[in-house]
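Worksheet for the structure shown next.
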Amino acid sequence: MKKIALLATGGTIACTQTKNGLAPTLSASELAPRLGVDLELEVNAKDVFRLDSSNIQPEEWRALAREADAAIKSSDGVVITHGTDTMAYTAAALSFMLAGCEKPVILTGSQLPIDAPISDARQNLTRALLAAASGVGGVYVVFDTSIISGVRAVKTHTTALSAFSSVNAPCAGHIDSAGVSFDHPQRSSLPYALRARLNSRVLLIKLTPGLSPDIFSFVKSAGYRGVVLETFGLGGLHYIRRNLVKCLSELSAAGIIVLVVSQCLYEKADLSVYEVGREMMRENVISGRDMTTEAAVCKMMWALESENPRETLMRNIVGEFSE
Ligand code: ASP
């Protein structure tokens with residue numbers, strides 16, 4: 001019988017009604033029996049945290065990566081139950097920290113608590129356990145009928161039961177009446193090792209027309225090491241009246257790395273097309289191409305702790321950008 005480690009972190013899936021509202025009170029060992037089906041798997045349950053995912057931060061990602069690494073070594077696959085709100089960030093962070101992992105690490109959660117009458121929790125958890133038994137390596141989000149690479153998952157809906165989308169890449173796999181299938185598994189350019197170090201001094205800046213340059217002075221004075229810049233369209237930013245290009249050159253001189261992605265959810269940033277993008281390229285910014293913002297932020301935190309952060313950012317680690 002295959003062994004699956006079930007690591008619980010909280011989230012709606014584990015919520016019950018308390019006098020202060022919904023709170024993640026259920027333990028990992030209380031979740032599995034609620035499925036009411038025998039999946040012919042040995043499920044070993046462990047509580048890592050009991051948090052609303054809004055409270056899951058880089059410190060929790062490091063602890064979770066270590067737990068997942070230990071579980072990978074003693075099981076055939078791992079399921080992590082997690083709140084949906086920041087699941088895409090955790091999935092991206094773990095994709096980098098566990099890059100090259102040859103066993104499945106599956107994140108799942110639900111829009112409704114597991115005991116709610118029309119809850120999606122039982123189906124999502126059942127499907128996640130089956131995906132974890134598939135033997136296909138990598139970090140994925142399993143939600144509704146989709147299996148999404150951890151670096152391509154975005155929470156695109158607040159209430160729909162199909163809450164996650166695979167952005168700029170086809171789903172890694174799907175679940176239908178034929179079972180679980182993986183069509184585009186995560187591929188890594190690194191051999192497996194736990195690489196759990198992160199630098200959380202990363203700031204995401206979404207440009208708005210007229211954004212004042214003073215935000216970049218704050219970036220320097222507050223000691224940030226990396227900036228993810230969500231620019232307009234293919235990679236535009238303003239430099240008349242308020243010269244943001246000059247700010248980028250100051251950041252670069254201060255050794256702060258800038259990774260540029262697009263505000264458009266779909267398709268890529270391409271700095272070579274417009275004059276405004278080319279101005280930016282002169283300041284040594286790195287194009288995040290078609291990376292999701294979630295993957296870009298997590299990759300920056302992870303890359304900053306690597307030997308050569310700029311080179312790491314330009315290298316495709318687990319399919320976070322299209323070639
Ligand atoms: N607030 C919850 C969380 O992210 C939402 C959910 O799990 O769906 O922990």
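As shown in the structure tokens, the chain order sets the letters A, B, ...; within each chain, residues go from 1, and ligands are also counted from 1 in the order they appear.
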
Subject >> Shell of 7 Å around ligand 1 (only C-alpha atoms and all ligand atoms), written as a ChimeraX atom specification >> reply: /A:10-13,51-54,82-86,109-112

Residues of stretch 59-177 of chain A within 8 Å of stretch 308-321 of chain A: nearest atom pair and distance (Å, one decimal) for each, counting only C-alpha atoms, sorted by chain and number, as JSON lines?
{"residue": "A:Ser95", "atom": "CA", "partner": "A:Val318", "partner_atom": "CA", "distance": 7.1}
{"residue": "A:Phe96", "atom": "CA", "partner": "A:Ile317", "partner_atom": "CA", "distance": 7.2}
{"residue": "A:Ala99", "atom": "CA", "partner": "A:Val318", "partner_atom": "CA", "distance": 6.7}
{"residue": "A:Gly100", "atom": "CA", "partner": "A:Val318", "partner_atom": "CA", "distance": 7.9}
{"residue": "A:Val151", "atom": "CA", "partner": "A:Glu320", "partner_atom": "CA", "distance": 5.3}
{"residue": "A:Arg152", "atom": "CA", "partner": "A:Glu320", "partner_atom": "CA", "distance": 6.6}

Original post:
Taking into account only C-alpha atoms, which residue in the set A:Ser134, A:Leu203, A:Ser212, A:Asp144 is nearest to A:Asp120?
Top reply: A:Asp144

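Of the residues under consideration (A:Leu198, A:Ala131, A:Cys264, A:Ile215), A:Ala131 shows the shortest atom-to-atom contact distance to A:Ser181 when counting only C-alpha atoms.
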
Taking only C-alpha atoms into account, produce a table as a Markdown table in which each residue of stretch 265-316 of chain A with an atom at most 12 Å from an atom of stretch 160-165 of chain A appears once, together with its shortest atom pair and the distance in Å to one decimal, ordered by chain and rising number.
| residue | atom | partner | partner_atom | distance |
| --- | --- | --- | --- | --- |
| A:Leu265 | CA | A:Ser165 | CA | 10.7 |
| A:Tyr266 | CA | A:Ser165 | CA | 11.0 |
| A:Thr292 | CA | A:Ser165 | CA | 11.1 |
